[in-house]
Amino acid sequence: MIILRLAIPSPLRKLFDYLPPAGSEQPSFEPGLRVLVPFGNRDLIGILVETTTETQFEISKLKRAKKVLDETPPLPAHLFKLARWAASYYQHPEGDALQQALPVLLRKGQACEYQHELLWRTTTNAQISTLKTNAVRQIELFKLLKEHPSGISLDAIKAEGGTLNTLRSLEEKKLAESFHRPHKSHHDQVLHEAPLTLNEEQQSTLTQLNKRSGFTASLIEGVTGSGKTEVYLQAIEKALSEGKQALVLVPEIGLTPQTVMRFKQRFNLPMAVLHSNLSDRQRLDAWLQAREGVAKIVIGTRSAIFTPLKHPGIIIIDEEHDASFKQQDGFRYSARDLAVMRARAEDIPIILGSATPSLETLHNAKEGRYQWLKMTQRAGTSQAPTFKLLDIRQEKLSEGLSAQLISAIGQHLNNGTQVLVFLNRRGYSPTLSCNDCGWIADCSRCDAHMTLHREPPHLHCHHCDKQQGIPRVCPECNSDQLQPVGVGTERSEQALQKLFPDFPVIRVDRDSTQRKNAMHDIMDKVNSGDPCILVGTQMLAKGHHFPKVTLVAIINADSGLFSADFRGMERTAQLILQVAGRAGRAEDPGTVLMQTYHADHPILQTLVEHGYSAFALEELQNRKAAKLPPYTHYALLRAETTTQYRAESFLAALRQQLEDDLLLPENVHWIGPFPSPMEKRAGMHRAQLMIYAENRKILHQLLANLCWYLEQNKESRKVRWSIDVDPADTF
Ligand code: ADP
Ligand code: ZN
Ligand code: ZN
């Protein structure tokens, strides 16, 4: 008797046994198949993990599965294994982890079959004069088809305003026809445009990359503008010309039209772009195209790591230091770390690239686990920017801007170039306060102030999203002396516009770019090359190319310098250098001015005088001395409750219990429990316990025991707990 052991999407960390469907003629049950099963009073889709002949239950008590949904598993065996490994490593219920590795429609039971894309074109000899002059829509659609002699998909037609009905009308008149996209063979030309001639550093980097075959992990540490992307493109070209595919992962806000354009312009091969605006159907199609080997290049953010490739050739992780590669809730995996595992399993090269590599990756490079390739010069004609710290301790600031900074901005504008003002706070001002009694607009659900927004006017908590109107008078003392405190991007925009009325001021933050195509319109304005001021948050820091920006002004270089999180320094340094990297990308040399209250801070000085590498090596020494990652391995046990102190006392009791029961192996250490840095958030009280060990295996074993214990324990059902392995931040 064959028993199917399934991972079911439920919060329980266990597998479920079922009998095969009645009358099933399935010759074999391969792990990874989707199986429809009755679960409680509904049907769920489980994933077959293994078959067995033994079960701890009575056979007669086992339910029968309803249907096996696939003939072959959606994920190839090694990716299925990777997803299972990740579930175990990140202590996440396997059923949910395996589901998350699949596109949404497959989780819902849709067929996992590639459908050849249907394209539309005009018929040969079709004459537009056949159409009546008042058939405006048909005429427009006809023209659109004419513009695409090699065919255009229905999706693309709809995006241009056409409809299926109009298309059918043209088809009836024998003016339009549909056909299947022909399969491109790898004899087709790979390139659209000639690659750039590499400079010496790029060439030697590429040579090193191409020297080895099979699995190699390489770090390209290249300053912004050193031409890393060009090296990726040429490394990918090699894989493509061998008939293989490339997987490119980029940060969440790095998947810009500009990035995609560079790939599209270079390669003459089908590409799948997994961006967040795709419908579930489009996402599944892209996924299937990759699995089928039709899409030769797959570009996507974190979740694209589980996209199957028929002929895997190379994996690229651009901006590998970016925190968005780590999922911050639920299945807390690191796509970057999984990518390295994946490349090893597929025996292909992986490139991690960044101007500001994470300390983890640098450590791996230092230890010789990764090939370490450096590019220190900017490519092409542009030069590295000059840094200057502006000491603002004695300065009187006007709306957050020092006199020196204002005068520098004026100079650059009058020279006809563009200025980028970086301020990592959206909204008008970080809070609203009463001048008479000192009342501050706090969020009732979080330990945080509410941010004042003017467009539209409201108070907004950026932590729990609570929004409310702006009070006219102080709720404490009825005074009308309510005043915004501090400067956010809206306020900075207003102040700069007042100071420089002759130049456009363009704000770039989450609020100003919500409208569809907003970013596109902004980039059009910037690309016109006319002098202007860009003021914005870290949205400005990544992926964009602003050739005319010659001055980058960092309003507050100190934020994050004294963070409670041990990664605060690293993140601050990365952000500063990424923003600075926007300056002087073309012929005009760039300047970076950083306002700071801590101009003599050793870290800032190392960064400014000796660059990121020097900073990072110093910071690695500090981490080593303090027994912090990457020298030790961390996990964070978080707990949340609706009542104050409960989360903390729960963790304290847990710690006690483990120590008493001697479940605690040697060489595992605890810190805490402590209240989380923001104790109350969205109405929940939060605490955390840090667990660390020098040996990963020991830590892992303990975490597995801990999970088991927590699932049994009655008390733990009263709190919301989670485990975060290799946490990206400690909040
Ligand atoms: P990175 O990814 O390291 O920030 P990019 O690949 O975006 O750098 O390159 C920065 C700029 O330099 C781009 O405009 C690019 O077209 C140009 N560039 C890169 N390599 C070369 C080269 N070998 N010759 C001329 N220009 C180059
Ligand atoms: Zn008051
Ligand atoms: Zn809040």
# chains A, B, ... in the order shown; residues from 1 in each chain; ligands from 1
call {"tool": "closest_atom_pairs", "arguments": {"of": "chain A", "to": "ligand 1", "cutoff": "6 Å", "atoms": "only C-alpha atoms and all ligand atoms", "output": "JSON lines"}}
result
{"residue": "A:Leu196", "atom": "CA", "partner": "ligand 1", "partner_atom_place_in_ligand_line": "23 (N)", "distance": 5.2}
{"residue": "A:Thr197", "atom": "CA", "partner": "ligand 1", "partner_atom_place_in_ligand_line": "23 (N)", "distance": 4.9}
{"residue": "A:Leu198", "atom": "CA", "partner": "ligand 1", "partner_atom_place_in_ligand_line": "23 (N)", "distance": 3.7}
{"residue": "A:Asn199", "atom": "CA", "partner": "ligand 1", "partner_atom_place_in_ligand_line": "23 (N)", "distance": 4.8}
{"residue": "A:Gly222", "atom": "CA", "partner": "ligand 1", "partner_atom_place_in_ligand_line": "3 (O)", "distance": 5.9}
{"residue": "A:Thr224", "atom": "CA", "partner": "ligand 1", "partner_atom_place_in_ligand_line": "4 (O)", "distance": 4.0}
{"residue": "A:Gly225", "atom": "CA", "partner": "ligand 1", "partner_atom_place_in_ligand_line": "4 (O)", "distance": 3.5}
{"residue": "A:Ser226", "atom": "CA", "partner": "ligand 1", "partner_atom_place_in_ligand_line": "3 (O)", "distance": 4.0}
{"residue": "A:Gly227", "atom": "CA", "partner": "ligand 1", "partner_atom_place_in_ligand_line": "6 (O)", "distance": 3.2}
{"residue": "A:Lys228", "atom": "CA", "partner": "ligand 1", "partner_atom_place_in_ligand_line": "3 (O)", "distance": 3.7}
{"residue": "A:Thr229", "atom": "CA", "partner": "ligand 1", "partner_atom_place_in_ligand_line": "6 (O)", "distance": 3.7}
{"residue": "A:Glu230", "atom": "CA", "partner": "ligand 1", "partner_atom_place_in_ligand_line": "6 (O)", "distance": 4.6}
{"residue": "A:Ala379", "atom": "CA", "partner": "ligand 1", "partner_atom_place_in_ligand_line": "12 (O)", "distance": 4.7}
{"residue": "A:Gly380", "atom": "CA", "partner": "ligand 1", "partner_atom_place_in_ligand_line": "26 (N)", "distance": 3.8}
call {"tool": "write_last_selection", "arguments": {"atoms": "N, CA, C and O atoms", "output": "mmCIF file, in the first residue's frame"}}
result
data_model
loop_
_atom_site.group_PDB
_atom_site.id
_atom_site.type_symbol
_atom_site.label_atom_id
_atom_site.label_comp_id
_atom_site.auth_asym_id
_atom_site.auth_seq_id
_atom_site.Cartn_x
_atom_site.Cartn_y
_atom_site.Cartn_z
ATOM 1 N N LEU A 196 30.053 47.062 -25.458
ATOM 2 C CA LEU A 196 31.083 48.098 -25.332
ATOM 3 C C LEU A 196 32.452 47.427 -25.275
ATOM 4 O O LEU A 196 32.574 46.281 -24.852
ATOM 5 N N THR A 197 33.457 48.166 -25.704
ATOM 6 C CA THR A 197 34.818 47.664 -25.538
ATOM 7 C C THR A 197 35.185 47.853 -24.073
ATOM 8 O O THR A 197 35.127 48.959 -23.553
ATOM 9 N N LEU A 198 35.530 46.766 -23.422
ATOM 10 C CA LEU A 198 35.785 46.841 -21.985
ATOM 11 C C LEU A 198 37.085 47.578 -21.695
ATOM 12 O O LEU A 198 38.039 47.487 -22.468
ATOM 13 N N ASN A 199 37.103 48.284 -20.578
ATOM 14 C CA ASN A 199 38.381 48.858 -20.157
ATOM 15 C C ASN A 199 39.198 47.752 -19.470
ATOM 16 O O ASN A 199 38.728 46.631 -19.316
ATOM 17 N N GLY A 222 32.764 46.735 -7.205
ATOM 18 C CA GLY A 222 33.125 47.776 -8.162
ATOM 19 C C GLY A 222 32.425 49.069 -7.814
ATOM 20 O O GLY A 222 31.206 49.077 -7.636
ATOM 21 N N THR A 224 30.497 52.611 -7.851
ATOM 22 C CA THR A 224 29.367 52.934 -8.727
ATOM 23 C C THR A 224 29.907 53.559 -10.004
ATOM 24 O O THR A 224 30.774 54.425 -9.968
ATOM 25 N N GLY A 225 29.390 53.081 -11.116
ATOM 26 C CA GLY A 225 29.836 53.621 -12.392
ATOM 27 C C GLY A 225 31.066 52.921 -12.945
ATOM 28 O O GLY A 225 31.593 53.295 -13.983
ATOM 29 N N SER A 226 31.543 51.869 -12.259
ATOM 30 C CA SER A 226 32.741 51.187 -12.756
ATOM 31 C C SER A 226 32.404 50.259 -13.921
ATOM 32 O O SER A 226 33.296 49.666 -14.516
ATOM 33 N N GLY A 227 31.121 50.132 -14.230
ATOM 34 C CA GLY A 227 30.747 49.320 -15.380
ATOM 35 C C GLY A 227 30.496 47.861 -15.034
ATOM 36 O O GLY A 227 30.749 46.971 -15.835
ATOM 37 N N LYS A 228 29.945 47.618 -13.829
ATOM 38 C CA LYS A 228 29.609 46.249 -13.441
ATOM 39 C C LYS A 228 28.555 45.674 -14.383
ATOM 40 O O LYS A 228 28.648 44.532 -14.816
ATOM 41 N N THR A 229 27.539 46.523 -14.676
ATOM 42 C CA THR A 229 26.451 46.030 -15.510
ATOM 43 C C THR A 229 26.973 45.547 -16.857
ATOM 44 O O THR A 229 26.539 44.517 -17.370
ATOM 45 N N GLU A 230 27.922 46.285 -17.410
ATOM 46 C CA GLU A 230 28.502 45.871 -18.691
ATOM 47 C C GLU A 230 29.190 44.501 -18.554
ATOM 48 O O GLU A 230 29.082 43.655 -19.438
ATOM 49 N N ALA A 379 34.043 53.632 -15.285
ATOM 50 C CA ALA A 379 34.187 53.291 -16.700
ATOM 51 C C ALA A 379 33.947 54.542 -17.527
ATOM 52 O O ALA A 379 33.450 55.538 -17.024
ATOM 53 N N GLY A 380 34.261 54.466 -18.792
ATOM 54 C CA GLY A 380 34.011 55.604 -19.668
ATOM 55 C C GLY A 380 34.803 56.805 -19.212
ATOM 56 O O GLY A 380 35.913 56.679 -18.699
#
call {"tool": "residues_around", "arguments": {"residues": "segment 277-287 of chain A", "least_positions_apart": "5", "cutoff": "8 Å", "atoms": "only C-alpha atoms", "output": "PyMOL selection string"}}
result
chain A and resi 103-106+114+272+295+307-308
call {"tool": "write_last_selection", "arguments": {"atoms": "C-alpha atoms", "output": "JSON list (two decimals), in the first residue's frame"}}
result
[["chain", "number", "residue", "atom", "x", "y", "z"],
["A", 103, "PRO", "CA", 3.48, 31.21, -8.68],
["A", 104, "VAL", "CA", 0.10, 32.06, -7.16],
["A", 105, "LEU", "CA", -1.96, 30.38, -9.89],
["A", 106, "LEU", "CA", -0.15, 27.09, -9.39],
["A", 114, "TYR", "CA", 3.30, 26.23, -21.22],
["A", 272, "ALA", "CA", 10.90, 37.39, -18.81],
["A", 295, "ALA", "CA", 12.74, 33.03, -22.01],
["A", 307, "THR", "CA", 12.02, 30.36, -11.08],
["A", 308, "PRO", "CA", 13.02, 27.14, -12.83]]
call {"tool": "closest_residue", "arguments": {"among": "A:Ala557, A:Val508, A:Ala339, A:Val231", "to": "Met375 of chain A", "atoms": "only C-alpha atoms"}}
result
A:Val231
call {"tool": "residues_around", "arguments": {"residues": "Val608 of chain A", "least_positions_apart": "6", "cutoff": "12 Å", "atoms": "only C-alpha atoms", "output": "JSON, numbers by chain"}}
result
{"A": [385, 386, 387, 388, 389, 390, 557, 573, 576, 577, 580, 591, 592, 593, 594, 599, 600, 601, 602, 614, 615]}
call {"tool": "write_last_selection", "arguments": {"atoms": "C-alpha atoms", "output": "PDB file, in the first residue's frame"}}
result
ATOM      1  CA  PRO A 385      33.048  62.317  -6.979  1.00  0.00           C
ATOM      2  CA  THR A 386      34.842  64.318  -4.283  1.00  0.00           C
ATOM      3  CA  PHE A 387      33.419  64.043  -0.769  1.00  0.00           C
ATOM      4  CA  LYS A 388      33.192  66.805   1.763  1.00  0.00           C
ATOM      5  CA  LEU A 389      31.768  66.776   5.278  1.00  0.00           C
ATOM      6  CA  LEU A 390      29.905  69.934   6.303  1.00  0.00           C
ATOM      7  CA  ALA A 557      24.456  61.884   7.141  1.00  0.00           C
ATOM      8  CA  ALA A 573      27.674  53.663   4.869  1.00  0.00           C
ATOM      9  CA  ILE A 576      25.594  57.270   1.677  1.00  0.00           C
ATOM     10  CA  LEU A 577      27.823  55.713  -0.978  1.00  0.00           C
ATOM     11  CA  ALA A 580      26.842  59.642  -3.665  1.00  0.00           C
ATOM     12  CA  THR A 591      30.749  66.660  -5.610  1.00  0.00           C
ATOM     13  CA  VAL A 592      29.120  65.128  -2.551  1.00  0.00           C
ATOM     14  CA  LEU A 593      28.378  67.373   0.422  1.00  0.00           C
ATOM     15  CA  MET A 594      27.312  65.714   3.646  1.00  0.00           C
ATOM     16  CA  ALA A 599      32.229  65.515  11.417  1.00  0.00           C
ATOM     17  CA  ASP A 600      34.950  63.940  13.573  1.00  0.00           C
ATOM     18  CA  HIS A 601      33.243  60.551  13.835  1.00  0.00           C
ATOM     19  CA  PRO A 602      35.962  58.028  12.908  1.00  0.00           C
ATOM     20  CA  ALA A 614      38.499  50.605   4.174  1.00  0.00           C
ATOM     21  CA  PHE A 615      35.363  51.236   6.204  1.00  0.00           C
TER      22      PHE A 615
END
call {"tool": "residues_around", "arguments": {"residues": "Glu619 of chain A", "least_positions_apart": "2", "cutoff": "10 Å", "atoms": "only C-alpha atoms", "output": "short mmCIF file (atom, residue, chain, number, x, y, z; two decimals) with all heavy atoms, in the first residue's frame"}}
result
data_model
loop_
_atom_site.label_atom_id
_atom_site.label_comp_id
_atom_site.auth_asym_id
_atom_site.auth_seq_id
_atom_site.Cartn_x
_atom_site.Cartn_y
_atom_site.Cartn_z
N LEU A 359 28.81 42.90 4.62
CA LEU A 359 29.96 42.39 5.36
C LEU A 359 30.02 40.86 5.29
O LEU A 359 31.11 40.29 5.31
CB LEU A 359 29.94 42.89 6.80
CG LEU A 359 30.07 44.41 6.95
CD1 LEU A 359 30.29 44.79 8.40
CD2 LEU A 359 31.21 44.97 6.11
N ARG A 567 23.76 46.47 12.55
CA ARG A 567 23.99 46.74 11.13
C ARG A 567 23.82 48.22 10.77
O ARG A 567 23.97 48.60 9.61
CB ARG A 567 23.04 45.91 10.27
CG ARG A 567 23.46 44.47 10.16
CD ARG A 567 22.87 43.81 8.93
NE ARG A 567 23.40 42.46 8.78
CZ ARG A 567 22.96 41.42 9.48
NH1 ARG A 567 21.96 41.58 10.32
NH2 ARG A 567 23.49 40.24 9.32
N MET A 569 25.60 50.96 11.18
CA MET A 569 26.76 51.56 10.52
C MET A 569 26.86 51.11 9.07
O MET A 569 27.08 51.90 8.17
CB MET A 569 28.05 51.08 11.19
CG MET A 569 28.32 51.65 12.51
SD MET A 569 28.72 53.37 12.38
CE MET A 569 29.08 53.67 14.09
N GLU A 570 26.78 49.80 8.90
CA GLU A 570 26.93 49.22 7.57
C GLU A 570 25.88 49.81 6.63
O GLU A 570 26.18 50.26 5.53
CB GLU A 570 26.78 47.70 7.66
CG GLU A 570 26.92 46.99 6.32
CD GLU A 570 26.61 45.48 6.40
OE1 GLU A 570 26.47 44.96 7.53
OE2 GLU A 570 26.51 44.86 5.34
N ILE A 603 34.20 56.73 11.90
CA ILE A 603 33.62 55.93 10.81
C ILE A 603 33.33 56.81 9.59
O ILE A 603 33.65 56.45 8.46
CB ILE A 603 32.30 55.27 11.29
CG1 ILE A 603 32.60 54.20 12.34
CG2 ILE A 603 31.53 54.71 10.11
CD1 ILE A 603 32.98 52.86 11.77
N SER A 613 35.65 50.22 1.08
CA SER A 613 36.44 49.03 1.42
C SER A 613 37.13 49.19 2.76
O SER A 613 37.08 48.30 3.61
CB SER A 613 37.52 48.80 0.37
OG SER A 613 36.97 48.15 -0.72
N ALA A 614 37.78 50.35 2.93
CA ALA A 614 38.50 50.60 4.17
C ALA A 614 37.52 50.58 5.35
O ALA A 614 37.77 49.96 6.38
CB ALA A 614 39.19 51.96 4.10
N PHE A 615 36.38 51.24 5.16
CA PHE A 615 35.36 51.24 6.20
C PHE A 615 34.95 49.81 6.54
O PHE A 615 34.89 49.41 7.70
CB PHE A 615 34.13 52.04 5.76
CG PHE A 615 32.86 51.59 6.41
CD1 PHE A 615 32.55 51.99 7.69
CD2 PHE A 615 32.01 50.71 5.75
CE1 PHE A 615 31.40 51.53 8.32
CE2 PHE A 615 30.86 50.25 6.36
CZ PHE A 615 30.55 50.66 7.65
N ALA A 616 34.66 49.02 5.50
CA ALA A 616 34.11 47.68 5.71
C ALA A 616 35.11 46.78 6.43
O ALA A 616 34.73 46.01 7.33
CB ALA A 616 33.71 47.07 4.38
N LEU A 617 36.39 46.90 6.07
CA LEU A 617 37.38 46.05 6.72
C LEU A 617 37.52 46.42 8.20
O LEU A 617 37.65 45.56 9.07
CB LEU A 617 38.73 46.14 5.99
CG LEU A 617 38.68 45.57 4.57
CD1 LEU A 617 40.03 45.71 3.87
CD2 LEU A 617 38.25 44.09 4.58
N GLN A 621 36.47 44.08 11.61
CA GLN A 621 37.27 43.90 12.83
C GLN A 621 36.41 44.11 14.07
O GLN A 621 36.48 43.33 15.03
CB GLN A 621 38.44 44.91 12.85
CG GLN A 621 39.54 44.61 11.85
CD GLN A 621 40.12 43.22 12.05
OE1 GLN A 621 40.35 42.79 13.17
NE2 GLN A 621 40.32 42.49 10.96
N ASN A 622 35.59 45.17 14.03
CA ASN A 622 34.71 45.45 15.17
C ASN A 622 33.74 44.30 15.42
O ASN A 622 33.48 43.92 16.55
CB ASN A 622 33.91 46.73 14.94
CG ASN A 622 34.80 47.95 14.83
OD1 ASN A 622 35.94 47.92 15.29
ND2 ASN A 622 34.29 49.00 14.20
N ARG A 623 33.19 43.78 14.32
CA ARG A 623 32.24 42.67 14.45
C ARG A 623 32.92 41.45 15.07
O ARG A 623 32.34 40.75 15.90
CB ARG A 623 31.68 42.28 13.09
CG ARG A 623 30.85 43.36 12.41
CD ARG A 623 29.38 43.24 12.76
NE ARG A 623 28.60 44.20 12.00
CZ ARG A 623 28.00 43.93 10.85
NH1 ARG A 623 28.04 42.70 10.37
NH2 ARG A 623 27.34 44.85 10.21
N LYS A 624 34.15 41.22 14.65
CA LYS A 624 34.87 40.06 15.14
C LYS A 624 35.09 40.20 16.66
O LYS A 624 34.81 39.27 17.42
CB LYS A 624 36.22 39.94 14.43
CG LYS A 624 36.92 38.64 14.68
CD LYS A 624 38.15 38.51 13.81
CE LYS A 624 38.76 37.13 13.96
NZ LYS A 624 39.90 36.93 13.07
N ALA A 625 35.53 41.39 17.05
CA ALA A 625 35.79 41.62 18.47
C ALA A 625 34.51 41.49 19.29
O ALA A 625 34.53 40.99 20.41
CB ALA A 625 36.40 43.01 18.65
#
call {"tool": "residues_around", "arguments": {"residues": "Ala176 of chain A", "least_positions_apart": "6", "cutoff": "7 Å", "atoms": "only C-alpha atoms", "output": "list in words"}}
result
Trp120, Arg121, Thr122, Thr123 and Leu170 of chain A
call {"tool": "atom_distance", "arguments": {"atom1": "atom CA of Lys326 of chain A", "atom2": "atom CA of Arg107 of chain A"}}
result
22.0 Å
call {"tool": "residues_around", "arguments": {"residues": "segment 674-680 of chain A", "least_positions_apart": "5", "cutoff": "9 Å", "atoms": "only C-alpha atoms", "output": "number ranges by chain"}}
result
A: 445-448, 564-565, 638, 644-645, 647-648, 651, 685-690, 730-731
call {"tool": "write_last_selection", "arguments": {"atoms": "N, CA, C and O atoms", "output": "PDB file, in the first residue's frame"}}
result
ATOM      1  N   ARG A 445      -1.073  53.550  18.350  1.00  0.00           N
ATOM      2  CA  ARG A 445      -0.848  52.111  18.234  1.00  0.00           C
ATOM      3  C   ARG A 445       0.629  51.745  18.245  1.00  0.00           C
ATOM      4  O   ARG A 445       0.975  50.564  18.300  1.00  0.00           O
ATOM      5  N   CYS A 446       1.502  52.770  18.136  1.00  0.00           N
ATOM      6  CA  CYS A 446       2.944  52.483  18.064  1.00  0.00           C
ATOM      7  C   CYS A 446       3.713  53.405  19.011  1.00  0.00           C
ATOM      8  O   CYS A 446       3.227  54.471  19.371  1.00  0.00           O
ATOM      9  N   ASP A 447       4.918  53.004  19.368  1.00  0.00           N
ATOM     10  CA  ASP A 447       5.826  53.907  20.070  1.00  0.00           C
ATOM     11  C   ASP A 447       6.508  54.771  19.023  1.00  0.00           C
ATOM     12  O   ASP A 447       7.697  54.650  18.778  1.00  0.00           O
ATOM     13  N   ALA A 448       5.747  55.627  18.396  1.00  0.00           N
ATOM     14  CA  ALA A 448       6.320  56.434  17.315  1.00  0.00           C
ATOM     15  C   ALA A 448       5.500  57.700  17.135  1.00  0.00           C
ATOM     16  O   ALA A 448       4.309  57.737  17.474  1.00  0.00           O
ATOM     17  N   ALA A 564      20.385  51.223  17.219  1.00  0.00           N
ATOM     18  CA  ALA A 564      20.478  50.113  18.161  1.00  0.00           C
ATOM     19  C   ALA A 564      20.843  48.827  17.431  1.00  0.00           C
ATOM     20  O   ALA A 564      21.296  47.866  18.024  1.00  0.00           O
ATOM     21  N   ASP A 565      20.659  48.819  16.142  1.00  0.00           N
ATOM     22  CA  ASP A 565      20.918  47.644  15.326  1.00  0.00           C
ATOM     23  C   ASP A 565      22.408  47.583  14.979  1.00  0.00           C
ATOM     24  O   ASP A 565      22.982  48.567  14.546  1.00  0.00           O
ATOM     25  N   ARG A 638      11.194  36.302  18.100  1.00  0.00           N
ATOM     26  CA  ARG A 638      10.353  37.456  18.405  1.00  0.00           C
ATOM     27  C   ARG A 638       9.025  36.984  18.962  1.00  0.00           C
ATOM     28  O   ARG A 638       8.507  35.940  18.568  1.00  0.00           O
ATOM     29  N   GLN A 644       0.823  44.471  27.517  1.00  0.00           N
ATOM     30  CA  GLN A 644       2.197  44.864  27.772  1.00  0.00           C
ATOM     31  C   GLN A 644       2.903  43.849  28.671  1.00  0.00           C
ATOM     32  O   GLN A 644       2.257  43.219  29.506  1.00  0.00           O
ATOM     33  N   TYR A 645       4.175  43.681  28.498  1.00  0.00           N
ATOM     34  CA  TYR A 645       5.063  42.799  29.275  1.00  0.00           C
ATOM     35  C   TYR A 645       4.846  41.309  29.026  1.00  0.00           C
ATOM     36  O   TYR A 645       5.673  40.494  29.386  1.00  0.00           O
ATOM     37  N   ALA A 647       4.807  39.538  26.264  1.00  0.00           N
ATOM     38  CA  ALA A 647       5.748  38.962  25.299  1.00  0.00           C
ATOM     39  C   ALA A 647       7.088  38.718  25.979  1.00  0.00           C
ATOM     40  O   ALA A 647       7.700  37.665  25.838  1.00  0.00           O
ATOM     41  N   GLU A 648       7.508  39.710  26.769  1.00  0.00           N
ATOM     42  CA  GLU A 648       8.798  39.598  27.428  1.00  0.00           C
ATOM     43  C   GLU A 648       8.787  38.477  28.464  1.00  0.00           C
ATOM     44  O   GLU A 648       9.729  37.686  28.550  1.00  0.00           O
ATOM     45  N   LEU A 651       9.000  35.079  26.835  1.00  0.00           N
ATOM     46  CA  LEU A 651      10.355  34.715  26.397  1.00  0.00           C
ATOM     47  C   LEU A 651      11.256  34.395  27.589  1.00  0.00           C
ATOM     48  O   LEU A 651      12.083  33.487  27.532  1.00  0.00           O
ATOM     49  N   HIS A 685       2.498  44.510  21.577  1.00  0.00           N
ATOM     50  CA  HIS A 685       3.696  44.708  22.394  1.00  0.00           C
ATOM     51  C   HIS A 685       4.694  43.631  22.036  1.00  0.00           C
ATOM     52  O   HIS A 685       4.354  42.464  21.950  1.00  0.00           O
ATOM     53  N   ARG A 686       5.947  44.062  21.844  1.00  0.00           N
ATOM     54  CA  ARG A 686       6.906  43.141  21.241  1.00  0.00           C
ATOM     55  C   ARG A 686       8.179  42.984  22.063  1.00  0.00           C
ATOM     56  O   ARG A 686       8.646  43.943  22.666  1.00  0.00           O
ATOM     57  N   ALA A 687       8.688  41.767  22.059  1.00  0.00           N
ATOM     58  CA  ALA A 687       9.956  41.521  22.740  1.00  0.00           C
ATOM     59  C   ALA A 687      10.762  40.540  21.899  1.00  0.00           C
ATOM     60  O   ALA A 687      10.212  39.893  21.006  1.00  0.00           O
ATOM     61  N   GLN A 688      12.041  40.457  22.187  1.00  0.00           N
ATOM     62  CA  GLN A 688      12.860  39.544  21.401  1.00  0.00           C
ATOM     63  C   GLN A 688      14.004  38.944  22.204  1.00  0.00           C
ATOM     64  O   GLN A 688      14.471  39.512  23.181  1.00  0.00           O
ATOM     65  N   LEU A 689      14.397  37.783  21.757  1.00  0.00           N
ATOM     66  CA  LEU A 689      15.476  37.040  22.386  1.00  0.00           C
ATOM     67  C   LEU A 689      16.458  36.703  21.272  1.00  0.00           C
ATOM     68  O   LEU A 689      16.075  36.162  20.249  1.00  0.00           O
ATOM     69  N   MET A 690      17.717  37.093  21.485  1.00  0.00           N
ATOM     70  CA  MET A 690      18.714  36.788  20.461  1.00  0.00           C
ATOM     71  C   MET A 690      19.439  35.533  20.851  1.00  0.00           C
ATOM     72  O   MET A 690      19.820  35.358  22.003  1.00  0.00           O
ATOM     73  N   THR A 730      17.456  43.957  13.450  1.00  0.00           N
ATOM     74  CA  THR A 730      17.084  43.393  14.745  1.00  0.00           C
ATOM     75  C   THR A 730      15.912  44.141  15.349  1.00  0.00           C
ATOM     76  O   THR A 730      15.818  44.278  16.555  1.00  0.00           O
ATOM     77  N   PHE A 731      15.031  44.652  14.501  1.00  0.00           N
ATOM     78  CA  PHE A 731      13.851  45.341  15.026  1.00  0.00           C
ATOM     79  C   PHE A 731      12.643  44.432  15.077  1.00  0.00           C
ATOM     80  O   PHE A 731      12.519  43.548  14.285  1.00  0.00           O
TER      81      PHE A 731
END
call {"tool": "residues_near_ligand", "arguments": {"ligand": "ligand 3", "cutoff": "7 Å", "atoms": "only C-alpha atoms and all ligand atoms", "output": "list in words"}}
result
Cys443, Ser444, Arg445, Cys446, Ala448, Cys461, His462, His463, Cys464, Asp465, Lys466, Arg681 and Ala682 of chain A
call {"tool": "residues_near_ligand", "arguments": {"ligand": "ligand 2", "cutoff": "6 Å", "atoms": "only C-alpha atoms and all ligand atoms", "output": "PyMOL selection string"}}
result
chain A and resi 434+436-439+474+476-477+479
